[in-house]
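Here is the file query-v7.cif (mmCIF, C-alpha atoms and all ligand atoms).
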data_final
loop_
_atom_site.group_PDB
_atom_site.id
_atom_site.type_symbol
_atom_site.label_atom_id
_atom_site.label_comp_id
_atom_site.auth_asym_id
_atom_site.auth_seq_id
_atom_site.Cartn_x
_atom_site.Cartn_y
_atom_site.Cartn_z
ATOM 1 C CA MET A 1 -9.016 -6.942 -22.076
ATOM 2 C CA THR A 2 -8.430 -3.263 -21.370
ATOM 3 C CA GLY A 3 -8.888 -0.904 -18.449
ATOM 4 C CA TRP A 4 -7.133 -0.635 -15.107
ATOM 5 C CA THR A 5 -6.946 -2.903 -12.095
ATOM 6 C CA VAL A 6 -5.774 -0.992 -9.044
ATOM 7 C CA LEU A 7 -4.308 -2.989 -6.156
ATOM 8 C CA ASP A 8 -4.249 -2.481 -2.426
ATOM 9 C CA ILE A 9 -1.208 -4.159 -0.798
ATOM 10 C CA GLU A 10 -1.676 -5.190 2.851
ATOM 11 C CA GLY A 11 -4.325 -7.944 3.073
ATOM 12 C CA THR A 12 -4.792 -7.980 -0.714
ATOM 13 C CA THR A 13 -1.513 -8.788 -2.493
ATOM 14 C CA SER A 14 0.442 -9.490 0.696
ATOM 15 C CA SER A 15 -0.134 -10.734 4.215
ATOM 16 C CA THR A 16 -0.746 -8.386 7.117
ATOM 17 C CA GLU A 17 1.938 -10.270 9.044
ATOM 18 C CA SER A 18 4.567 -9.536 6.405
ATOM 19 C CA VAL A 19 3.866 -5.810 6.777
ATOM 20 C CA HIS A 20 3.386 -5.645 10.549
ATOM 21 C CA VAL A 21 6.050 -8.126 11.624
ATOM 22 C CA GLY A 22 8.498 -7.835 8.713
ATOM 23 C CA LEU A 23 8.395 -4.173 7.763
ATOM 24 C CA TYR A 24 7.226 -2.510 10.983
ATOM 25 C CA ALA A 25 9.835 -4.366 13.073
ATOM 26 C CA PHE A 26 12.526 -3.273 10.606
ATOM 27 C CA ALA A 27 11.497 0.407 10.756
ATOM 28 C CA ARG A 28 10.841 0.682 14.498
ATOM 29 C CA PRO A 29 14.425 0.882 15.874
ATOM 30 C CA ARG A 30 15.646 2.807 12.822
ATOM 31 C CA LEU A 31 13.214 5.762 12.972
ATOM 32 C CA GLY A 32 15.178 7.822 15.517
ATOM 33 C CA PRO A 33 18.630 7.394 13.930
ATOM 34 C CA TRP A 34 17.104 7.960 10.465
ATOM 35 C CA ILE A 35 15.468 11.237 11.495
ATOM 36 C CA ASP A 36 18.687 12.448 13.159
ATOM 37 C CA ALA A 37 20.753 11.587 10.076
ATOM 38 C CA ASN A 38 18.298 13.199 7.636
ATOM 39 C CA ARG A 39 16.954 16.266 9.483
ATOM 40 C CA ASP A 40 17.936 18.520 6.549
ATOM 41 C CA ASP A 41 16.082 16.423 3.961
ATOM 42 C CA PRO A 42 12.970 18.467 2.952
ATOM 43 C CA GLU A 43 10.695 15.409 2.981
ATOM 44 C CA VAL A 44 11.899 14.358 6.440
ATOM 45 C CA ARG A 45 11.633 17.933 7.762
ATOM 46 C CA ALA A 46 8.051 18.228 6.426
ATOM 47 C CA ALA A 47 7.070 14.885 7.975
ATOM 48 C CA VAL A 48 8.533 15.875 11.364
ATOM 49 C CA GLU A 49 6.704 19.231 11.242
ATOM 50 C CA GLU A 50 3.424 17.496 10.356
ATOM 51 C CA ILE A 51 3.859 15.290 13.436
ATOM 52 C CA GLY A 52 4.192 18.448 15.552
ATOM 53 C CA GLY A 53 7.974 18.833 15.760
ATOM 54 C CA GLY A 54 9.938 18.461 18.999
ATOM 55 C CA THR A 55 12.953 16.369 19.913
ATOM 56 C CA THR A 56 13.665 13.174 18.016
ATOM 57 C CA GLU A 57 12.615 11.247 21.120
ATOM 58 C CA GLU A 58 9.236 13.007 21.186
ATOM 59 C CA VAL A 59 8.683 12.470 17.470
ATOM 60 C CA VAL A 60 9.626 8.787 17.688
ATOM 61 C CA LYS A 61 7.212 8.313 20.612
ATOM 62 C CA VAL A 62 4.341 9.530 18.390
ATOM 63 C CA LEU A 63 5.511 7.343 15.496
ATOM 64 C CA HIS A 64 5.778 4.245 17.692
ATOM 65 C CA ASP A 65 2.317 4.908 19.125
ATOM 66 C CA TRP A 66 0.902 5.142 15.578
ATOM 67 C CA MET A 67 2.645 1.894 14.663
ATOM 68 C CA ASP A 68 1.307 0.157 17.783
ATOM 69 C CA HIS A 69 -2.236 1.151 16.769
ATOM 70 C CA ASP A 70 -1.643 0.738 13.012
ATOM 71 C CA VAL A 71 -2.556 4.347 12.311
ATOM 72 C CA LYS A 72 -1.799 4.841 8.629
ATOM 73 C CA ALA A 73 -0.734 8.476 9.073
ATOM 74 C CA THR A 74 0.977 10.018 6.046
ATOM 75 C CA PRO A 75 4.142 11.319 7.848
ATOM 76 C CA LEU A 76 4.681 7.878 9.395
ATOM 77 C CA LYS A 77 4.267 6.235 5.988
ATOM 78 C CA THR A 78 6.713 8.715 4.444
ATOM 79 C CA LEU A 79 9.426 7.974 7.019
ATOM 80 C CA GLN A 80 8.809 4.207 7.081
ATOM 81 C CA GLY A 81 8.905 4.152 3.278
ATOM 82 C CA ARG A 82 12.318 5.790 3.110
ATOM 83 C CA ILE A 83 13.732 3.362 5.703
ATOM 84 C CA TRP A 84 12.261 0.336 3.924
ATOM 85 C CA ALA A 85 13.546 1.532 0.551
ATOM 86 C CA ALA A 86 17.055 1.637 2.039
ATOM 87 C CA GLY A 87 16.511 -1.842 3.502
ATOM 88 C CA PHE A 88 15.462 -3.276 0.145
ATOM 89 C CA ALA A 89 18.372 -1.571 -1.618
ATOM 90 C CA ALA A 90 20.788 -3.110 0.916
ATOM 91 C CA GLY A 91 19.286 -6.582 0.425
ATOM 92 C CA GLU A 92 18.021 -6.664 4.030
ATOM 93 C CA LEU A 93 14.317 -6.990 3.126
ATOM 94 C CA THR A 94 12.289 -9.237 0.829
ATOM 95 C CA ALA A 95 8.621 -8.735 0.000
ATOM 96 C CA HIS A 96 5.889 -11.303 0.594
ATOM 97 C CA PHE A 97 3.129 -11.875 -1.953
ATOM 98 C CA PHE A 98 0.358 -14.475 -1.727
ATOM 99 C CA PRO A 99 1.135 -17.335 -4.181
ATOM 100 C CA ASP A 100 -1.849 -16.526 -6.452
ATOM 101 C CA VAL A 101 -0.775 -12.917 -7.027
ATOM 102 C CA ALA A 102 2.257 -13.081 -9.334
ATOM 103 C CA PRO A 103 0.642 -15.527 -11.839
ATOM 104 C CA ALA A 104 -2.527 -13.409 -11.956
ATOM 105 C CA LEU A 105 -0.657 -10.108 -12.423
ATOM 106 C CA ARG A 106 1.446 -11.622 -15.216
ATOM 107 C CA ALA A 107 -1.659 -13.029 -16.934
ATOM 108 C CA TRP A 108 -3.632 -9.763 -16.685
ATOM 109 C CA HIS A 109 -0.651 -7.777 -17.938
ATOM 110 C CA ALA A 110 -0.187 -10.181 -20.871
ATOM 111 C CA GLU A 111 -3.892 -9.759 -21.756
ATOM 112 C CA GLY A 112 -3.417 -5.985 -21.944
ATOM 113 C CA ARG A 113 -4.931 -5.019 -18.624
ATOM 114 C CA HIS A 114 -3.189 -2.012 -17.035
ATOM 115 C CA LEU A 115 -2.046 -2.370 -13.416
ATOM 116 C CA ALA A 116 -1.671 0.284 -10.730
ATOM 117 C CA VAL A 117 -1.203 0.316 -6.945
ATOM 118 C CA PHE A 118 -3.074 2.416 -4.369
ATOM 119 C CA SER A 119 -1.787 1.771 -0.847
ATOM 120 C CA SER A 120 -1.352 3.647 2.424
ATOM 121 C CA GLY A 121 2.282 2.594 2.109
ATOM 122 C CA SER A 122 4.226 5.380 0.376
ATOM 123 C CA VAL A 123 5.205 5.119 -3.282
ATOM 124 C CA SER A 124 8.851 4.959 -2.183
ATOM 125 C CA ALA A 125 7.967 1.717 -0.341
ATOM 126 C CA GLN A 126 5.554 0.335 -2.946
ATOM 127 C CA ARG A 127 8.098 0.229 -5.779
ATOM 128 C CA PRO A 128 10.811 -1.802 -3.968
ATOM 129 C CA TRP A 129 8.103 -4.001 -2.407
ATOM 130 C CA PHE A 130 7.003 -5.074 -5.901
ATOM 131 C CA ALA A 131 10.594 -5.217 -7.188
ATOM 132 C CA HIS A 132 11.988 -7.584 -4.502
ATOM 133 C CA THR A 133 9.595 -10.529 -4.317
ATOM 134 C CA GLU A 134 10.199 -14.264 -4.073
ATOM 135 C CA ASP A 135 8.490 -14.423 -7.503
ATOM 136 C CA GLY A 136 10.902 -11.964 -9.115
ATOM 137 C CA ASP A 137 10.476 -8.307 -10.079
ATOM 138 C CA LEU A 138 6.739 -7.567 -10.304
ATOM 139 C CA SER A 139 7.250 -3.790 -10.448
ATOM 140 C CA VAL A 140 7.748 -4.017 -14.223
ATOM 141 C CA LEU A 141 4.066 -5.002 -14.520
ATOM 142 C CA VAL A 142 2.806 -1.915 -12.662
ATOM 143 C CA GLU A 143 2.395 1.321 -14.602
ATOM 144 C CA ARG A 144 1.172 3.754 -11.938
ATOM 145 C CA TRP A 145 1.693 4.145 -8.189
ATOM 146 C CA PHE A 146 -0.634 6.017 -5.799
ATOM 147 C CA ASP A 147 -0.442 6.725 -2.066
ATOM 148 C CA THR A 148 -2.070 9.086 0.420
ATOM 149 C CA VAL A 149 0.224 11.915 -0.717
ATOM 150 C CA ASN A 150 -0.466 11.906 -4.453
ATOM 151 C CA ALA A 151 -4.059 10.557 -4.295
ATOM 152 C CA GLY A 152 -5.468 11.212 -0.802
ATOM 153 C CA PRO A 153 -7.026 9.100 1.986
ATOM 154 C CA LYS A 154 -8.092 5.612 0.948
ATOM 155 C CA ARG A 155 -11.558 5.886 2.527
ATOM 156 C CA GLU A 156 -12.585 9.031 0.612
ATOM 157 C CA ALA A 157 -14.261 8.946 -2.819
ATOM 158 C CA SER A 158 -12.351 12.077 -3.883
ATOM 159 C CA SER A 159 -9.109 10.046 -3.886
ATOM 160 C CA TYR A 160 -10.542 7.559 -6.385
ATOM 161 C CA ARG A 161 -11.858 10.416 -8.557
ATOM 162 C CA ARG A 162 -8.344 11.891 -8.568
ATOM 163 C CA ILE A 163 -6.831 8.558 -9.585
ATOM 164 C CA ALA A 164 -9.501 8.069 -12.271
ATOM 165 C CA ALA A 165 -8.658 11.483 -13.727
ATOM 166 C CA GLU A 166 -4.987 10.468 -13.838
ATOM 167 C CA LEU A 167 -5.610 7.062 -15.407
ATOM 168 C CA GLY A 168 -8.335 8.062 -17.844
ATOM 169 C CA GLY A 169 -10.902 5.598 -19.150
ATOM 170 C CA THR A 170 -13.944 4.235 -17.396
ATOM 171 C CA ASP A 171 -13.106 0.581 -16.753
ATOM 172 C CA LEU A 172 -11.579 0.864 -13.294
ATOM 173 C CA LEU A 173 -11.478 -2.002 -10.795
ATOM 174 C CA PHE A 174 -10.225 -1.636 -7.216
ATOM 175 C CA LEU A 175 -9.172 -4.696 -5.174
ATOM 176 C CA SER A 176 -8.955 -4.335 -1.395
ATOM 177 C CA ASP A 177 -9.477 -6.163 1.887
ATOM 178 C CA VAL A 178 -11.099 -3.122 3.553
ATOM 179 C CA PRO A 179 -14.859 -2.582 2.928
ATOM 180 C CA ALA A 180 -14.650 1.180 3.669
ATOM 181 C CA GLU A 181 -12.060 1.565 0.891
ATOM 182 C CA LEU A 182 -14.288 -0.358 -1.529
ATOM 183 C CA ASP A 183 -17.253 1.847 -0.516
ATOM 184 C CA ALA A 184 -15.221 4.960 -1.364
ATOM 185 C CA ALA A 185 -14.134 3.549 -4.730
ATOM 186 C CA ALA A 186 -17.709 2.506 -5.593
ATOM 187 C CA ALA A 187 -18.969 5.992 -4.664
ATOM 188 C CA ALA A 188 -16.526 7.330 -7.255
ATOM 189 C CA GLY A 189 -18.029 5.017 -9.895
ATOM 190 C CA TRP A 190 -15.429 2.235 -9.819
ATOM 191 C CA ARG A 191 -16.023 -1.504 -9.940
ATOM 192 C CA THR A 192 -14.816 -3.183 -6.764
ATOM 193 C CA THR A 193 -13.950 -6.617 -5.410
ATOM 194 C CA GLY A 194 -13.153 -7.501 -1.806
ATOM 195 C CA LEU A 195 -10.381 -9.928 -0.840
ATOM 196 C CA ARG A 196 -11.377 -12.245 1.980
ATOM 197 C CA ARG A 197 -8.144 -14.141 2.497
ATOM 198 C CA PRO A 198 -7.994 -16.997 5.007
ATOM 199 C CA GLY A 199 -6.200 -15.988 8.209
ATOM 200 C CA GLU A 200 -6.302 -12.255 7.395
ATOM 201 C CA PRO A 201 -8.199 -9.647 9.487
ATOM 202 C CA SER A 202 -10.715 -9.366 6.608
ATOM 203 C CA GLU A 203 -11.740 -13.021 6.993
ATOM 204 C CA ASP A 204 -14.856 -12.033 8.957
ATOM 205 C CA ALA A 205 -15.433 -8.612 7.358
ATOM 206 C CA ASP A 206 -18.846 -7.561 6.057
ATOM 207 C CA PHE A 207 -18.222 -6.612 2.436
ATOM 208 C CA GLY A 208 -21.848 -5.526 1.917
ATOM 209 C CA PRO A 209 -22.700 -5.162 -1.783
ATOM 210 C CA HIS A 210 -19.144 -5.731 -3.067
ATOM 211 C CA PRO A 211 -18.260 -8.963 -4.890
ATOM 212 C CA VAL A 212 -15.808 -11.019 -2.832
ATOM 213 C CA VAL A 213 -13.070 -13.523 -3.721
ATOM 214 C CA THR A 214 -10.534 -15.382 -1.595
ATOM 215 C CA SER A 215 -7.794 -15.426 -4.249
ATOM 216 C CA PHE A 216 -6.746 -13.488 -7.362
ATOM 217 C CA GLY A 217 -7.212 -16.789 -9.198
ATOM 218 C CA ASP A 218 -10.992 -16.385 -8.747
ATOM 219 C CA LEU A 219 -11.033 -13.050 -10.601
ATOM 220 C CA ARG A 220 -12.023 -12.901 -14.233
HETATM 221 C C1 LIG B 1 4.909 -2.151 0.961
HETATM 222 S S1 LIG B 1 4.053 -0.734 1.208
HETATM 223 C C2 LIG B 1 3.951 -0.717 2.958
HETATM 224 C C3 LIG B 1 2.721 -1.261 3.477
HETATM 225 C C4 LIG B 1 2.109 -0.342 4.465
HETATM 226 O O1 LIG B 1 2.829 0.335 5.168
HETATM 227 C C5 LIG B 1 0.700 -0.219 4.568
HETATM 228 O O2 LIG B 1 0.220 0.547 5.392
HETATM 229 C C6 LIG B 1 -0.167 -0.989 3.654
HETATM 230 O O3 LIG B 1 -1.496 -0.540 3.708
HETATM 231 P P1 LIG B 1 -2.542 -0.878 2.570
HETATM 232 O O4 LIG B 1 -3.197 0.428 2.262
HETATM 233 O O5 LIG B 1 -1.815 -1.450 1.389
HETATM 234 O O6 LIG B 1 -3.503 -1.854 3.161
HETATM 235 MG MG MG B 2 -5.209 -3.308 2.727
#
Give the structure from the file, written as structure tokens.
Ligand SMILES: CSCCC(=O)C(=O)COP(=O)(O)O
Ligand SMILES: [Mg+2]
Amino acid sequence: MTGWTVLDIEGTTSSTESVHVGLYAFARPRLGPWIDANRDDPEVRAAVEEIGGGTTEEVVKVLHDWMDHDVKATPLKTLQGRIWAAGFAAGELTAHFFPDVAPALRAWHAEGRHLAVFSSGSVSAQRPWFAHTEDGDLSVLVERWFDTVNAGPKREASSYRRIAAELGGTDLLFLSDVPAELDAAAAAGWRTTGLRRPGEPSEDADFGPHPVVTSFGDLR
């Protein structure tokens, strides 16, 4: 078995609740103090400028509004990711993965399949998310990490072409719970499979022409 399987996180490897309730609630009260403490950090300064600048209070108001509406804006993801990374490092956060995910990732890796992640969550959040799971450190199984900064928006085919150029090869499979993301990957020539997990927002989604599974255990 060769080629790459590229994983979405929220709704695919992990529950929406674990991201929205666990991670978002952790970041929300910390955004303002974090920005104030790290104003001189180039990444933080760039994120604040991209939001439009202003006082910390004004910036946080925009960030909270994006979080309330689950807008996956890159500057929000950058700042959240840094706060979550600190939370994982301090032992204050643990990642949630659906029970079928760790056994499947270990089996695919053992068979020689390459694994990568493409999520709206920043790479600085993706790595500790995979490293601090109830099933142990899954980050050692993942060779490449992509987000909206180093790949581009998840609903645009150009992002999947960019990732394909980075990974090389032609056997590329993208797993996601969002049909528009699968459409973009398919337009770039990738194989796709939708995750319709019970209790997730994608439960009633129309996946159109994409194959659909409810668990990683159903994937060959
Ligand atoms: C652990 S990474 C943080 C998850 C996150 O913030 C997010 O927006 C996940 O979106 P996805 O593209 O993986 O559905
Ligand atoms: Mg998702």
message: As a quick test: using all atoms listed in the file, which residues lie no more than 9 Å away from ligand MG 2 (chain B)? Give them as an MDAnalysis selection string.
response: chainID A and resid 7:14 16 119:120 175:178 181
statement: Here CA of Val71 in chain A and CA of Trp4 in chain A stand apart by 28.2 Å
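For the file shown, the residue list from the PyMOL selection byres (((chain A and resi 193) around 9) and not hetatm) reads Leu173, Phe174, Leu175, Ser176, Asp177, Leu182, Arg191, Thr192, Gly194, Leu195, Phe207, His210, Pro211, Val212, Val213 and Leu219 of chain A.
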List as a tab-separated table every residue of range 19-73 of chain A that is in contact with range 87-94 of chain A, defined as an atom at most 10 Å from one of its atoms (using only C-alpha atoms), together with the nearest atom pair and the distance in Å rounded to one decimal, sorted by chain and then rising number.
residue	atom	partner	partner_atom	distance
A:Gly22	CA	A:Leu93	CA	8.1
A:Leu23	CA	A:Leu93	CA	8.0
A:Phe26	CA	A:Gly87	CA	8.3
A:Ala27	CA	A:Gly87	CA	9.1
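Within the 9 Å cut-off around Glu111 in chain A, using only C-alpha atoms and omitting residues fewer than 3 positions from it on the same chain, the listed residues are Met1, Thr2, Arg106, Ala107 and Trp108 of chain A.
Residues selected in this file by the PyMOL selection byres (((chain A and resi 136) around 12) and not hetatm) comprise A:Thr94, A:Ala95, A:His96, A:Phe97, A:Val101, A:Ala102, A:Pro103, A:Arg106, A:Pro128, A:Trp129, A:Phe130, A:Ala131, A:His132, A:Thr133, A:Glu134, A:Asp135, A:Asp137, A:Leu138, A:Ser139, A:Val140, A:Leu141.
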task: Pick out the residues sitting within 9 Å of range 55-65 of chain A, and hand them over as a VMD selection string; count all atoms listed in the file, and ignore anything fewer than 6 positions along from it in its own chain.
output: chain A and resid 28 31 to 33 35 to 36 48 71 75 to 76
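Going from CA of Arg196 in chain A to CA of Arg113 in chain A covers 22.8 Å.
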Please write the residues picked by the PyMOL selection byres (((chain A and resi 79) around 9) and not hetatm) on this file as a PDB file with C-alpha atoms, keeping the file's coordinate frame.
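Printed below is selection_3.pdb as written:
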ATOM      1  CA  ALA A  27      11.497   0.407  10.756  1.00  0.00           C
ATOM      2  CA  LEU A  31      13.214   5.762  12.972  1.00  0.00           C
ATOM      3  CA  TRP A  34      17.104   7.960  10.465  1.00  0.00           C
ATOM      4  CA  ILE A  35      15.468  11.237  11.495  1.00  0.00           C
ATOM      5  CA  GLU A  43      10.695  15.409   2.981  1.00  0.00           C
ATOM      6  CA  VAL A  44      11.899  14.358   6.440  1.00  0.00           C
ATOM      7  CA  ALA A  47       7.070  14.885   7.975  1.00  0.00           C
ATOM      8  CA  THR A  74       0.977  10.018   6.046  1.00  0.00           C
ATOM      9  CA  PRO A  75       4.142  11.319   7.848  1.00  0.00           C
ATOM     10  CA  LEU A  76       4.681   7.878   9.395  1.00  0.00           C
ATOM     11  CA  LYS A  77       4.267   6.235   5.988  1.00  0.00           C
ATOM     12  CA  THR A  78       6.713   8.715   4.444  1.00  0.00           C
ATOM     13  CA  GLN A  80       8.809   4.207   7.081  1.00  0.00           C
ATOM     14  CA  GLY A  81       8.905   4.152   3.278  1.00  0.00           C
ATOM     15  CA  ARG A  82      12.318   5.790   3.110  1.00  0.00           C
ATOM     16  CA  ILE A  83      13.732   3.362   5.703  1.00  0.00           C
ATOM     17  CA  TRP A  84      12.261   0.336   3.924  1.00  0.00           C
ATOM     18  CA  SER A 122       4.226   5.380   0.376  1.00  0.00           C
TER      19      SER A 122
END
So which residues touch Asp100 in chain A within 9 Å, counting only C-alpha atoms, skipping near sequence neighbours fewer than 6 positions away, as a PDB file with C-alpha atoms, keeping the file's coordinate frame?
ATOM      1  CA  THR A  13      -1.513  -8.788  -2.493  1.00  0.00           C
ATOM      2  CA  SER A 215      -7.794 -15.426  -4.249  1.00  0.00           C
ATOM      3  CA  PHE A 216      -6.746 -13.488  -7.362  1.00  0.00           C
ATOM      4  CA  GLY A 217      -7.212 -16.789  -9.198  1.00  0.00           C
TER       5      GLY A 217
END
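Reported to one decimal place, the separation of CA of Pro209 in chain A from atom C2 of ligand LIG 1 (chain B) is 27.4 Å.
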- line: For ligand LIG 1 (chain B), the closest of A:Ala85, A:Gln126, A:Leu105, A:Gly54 counting all atoms listed in the file is A:Gln126
- prompt: Looking at all atoms listed in the file, which of A:Val117, A:Ala46, A:Ala187, A:Ala86 is the one that sits closest to ligand LIG 1 (chain B)?
  reply: A:Val117
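Comparing A:Asp41, A:Glu49, A:Asp206, A:Asp147 by their smallest distance to ligand LIG 1 (chain B), the closest is A:Asp147 (using all atoms listed in the file).
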6 Å per side around ligand LIG 1 (chain B): axis-aligned box centre and edge lengths, as JSON:
{"center_x": 0.7, "center_y": -0.8, "center_z": 3.2, "size_x": 20.4, "size_y": 14.7, "size_z": 16.4}
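Closest approach to Gly152 in chain A among A:Leu167, A:Ala110, A:Ala73, A:Ala37 is made by A:Ala73 (distances from only C-alpha atoms).
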If I only have part of range 105-128 of chain A, can you fill in N, CA and C atoms and write it as an mmCIF file, keeping the file's coordinate frame?
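The result, stored in out.cif:
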data_model
loop_
_atom_site.group_PDB
_atom_site.id
_atom_site.type_symbol
_atom_site.label_atom_id
_atom_site.label_comp_id
_atom_site.auth_asym_id
_atom_site.auth_seq_id
_atom_site.Cartn_x
_atom_site.Cartn_y
_atom_site.Cartn_z
ATOM 1 N N LEU A 105 -1.128 -11.402 -11.894
ATOM 2 C CA LEU A 105 -0.657 -10.108 -12.423
ATOM 3 C C LEU A 105 -0.001 -10.302 -13.793
ATOM 4 N N ARG A 106 0.775 -11.373 -13.925
ATOM 5 C CA ARG A 106 1.446 -11.622 -15.216
ATOM 6 C C ARG A 106 0.409 -11.917 -16.301
ATOM 7 N N ALA A 107 -0.625 -12.690 -15.946
ATOM 8 C CA ALA A 107 -1.659 -13.029 -16.934
ATOM 9 C C ALA A 107 -2.447 -11.784 -17.336
ATOM 10 N N TRP A 108 -2.848 -10.970 -16.363
ATOM 11 C CA TRP A 108 -3.632 -9.763 -16.685
ATOM 12 C C TRP A 108 -2.800 -8.814 -17.539
ATOM 13 N N HIS A 109 -1.535 -8.665 -17.177
ATOM 14 C CA HIS A 109 -0.651 -7.777 -17.938
ATOM 15 C C HIS A 109 -0.516 -8.277 -19.371
ATOM 16 N N ALA A 110 -0.345 -9.602 -19.523
ATOM 17 C CA ALA A 110 -0.187 -10.181 -20.871
ATOM 18 C C ALA A 110 -1.456 -9.996 -21.707
ATOM 19 N N GLU A 111 -2.611 -9.948 -21.044
ATOM 20 C CA GLU A 111 -3.892 -9.759 -21.756
ATOM 21 C C GLU A 111 -4.144 -8.290 -22.092
ATOM 22 N N GLY A 112 -3.270 -7.399 -21.616
ATOM 23 C CA GLY A 112 -3.417 -5.985 -21.944
ATOM 24 C C GLY A 112 -4.068 -5.150 -20.864
ATOM 25 N N ARG A 113 -4.348 -5.771 -19.734
ATOM 26 C CA ARG A 113 -4.931 -5.019 -18.624
ATOM 27 C C ARG A 113 -3.840 -4.161 -17.985
ATOM 28 N N HIS A 114 -4.153 -2.898 -17.691
ATOM 29 C CA HIS A 114 -3.189 -2.012 -17.035
ATOM 30 C C HIS A 114 -3.267 -2.219 -15.524
ATOM 31 N N LEU A 115 -2.108 -2.153 -14.866
ATOM 32 C CA LEU A 115 -2.046 -2.370 -13.416
ATOM 33 C C LEU A 115 -1.501 -1.142 -12.704
ATOM 34 N N ALA A 116 -2.135 -0.820 -11.571
ATOM 35 C CA ALA A 116 -1.671 0.284 -10.730
ATOM 36 C C ALA A 116 -1.800 -0.151 -9.273
ATOM 37 N N VAL A 117 -1.138 0.585 -8.389
ATOM 38 C CA VAL A 117 -1.203 0.316 -6.945
ATOM 39 C C VAL A 117 -1.762 1.559 -6.257
ATOM 40 N N PHE A 118 -2.655 1.337 -5.271
ATOM 41 C CA PHE A 118 -3.074 2.416 -4.369
ATOM 42 C C PHE A 118 -3.015 1.845 -2.953
ATOM 43 N N SER A 119 -2.020 2.296 -2.194
ATOM 44 C CA SER A 119 -1.787 1.771 -0.847
ATOM 45 C C SER A 119 -1.503 2.915 0.112
ATOM 46 N N SER A 120 -1.769 2.683 1.402
ATOM 47 C CA SER A 120 -1.352 3.647 2.424
ATOM 48 C C SER A 120 0.165 3.690 2.520
ATOM 49 N N GLY A 121 0.822 2.601 2.174
ATOM 50 C CA GLY A 121 2.282 2.594 2.109
ATOM 51 C C GLY A 121 2.741 3.581 1.040
ATOM 52 N N SER A 122 3.798 4.331 1.310
ATOM 53 C CA SER A 122 4.226 5.380 0.376
ATOM 54 C C SER A 122 4.749 4.774 -0.928
ATOM 55 N N VAL A 123 4.706 5.582 -1.979
ATOM 56 C CA VAL A 123 5.205 5.119 -3.282
ATOM 57 C C VAL A 123 6.658 4.672 -3.160
ATOM 58 N N SER A 124 7.431 5.354 -2.310
ATOM 59 C CA SER A 124 8.851 4.959 -2.183
ATOM 60 C C SER A 124 8.995 3.581 -1.553
ATOM 61 N N ALA A 125 7.950 3.089 -0.862
ATOM 62 C CA ALA A 125 7.967 1.717 -0.341
ATOM 63 C C ALA A 125 7.320 0.743 -1.323
ATOM 64 N N GLN A 126 6.282 1.228 -2.018
ATOM 65 C CA GLN A 126 5.554 0.335 -2.946
ATOM 66 C C GLN A 126 6.470 -0.222 -4.031
ATOM 67 N N ARG A 127 7.270 0.659 -4.639
ATOM 68 C CA ARG A 127 8.098 0.229 -5.779
ATOM 69 C C ARG A 127 9.080 -0.887 -5.405
ATOM 70 N N PRO A 128 9.897 -0.704 -4.321
ATOM 71 C CA PRO A 128 10.811 -1.802 -3.968
ATOM 72 C C PRO A 128 10.078 -3.042 -3.467
#
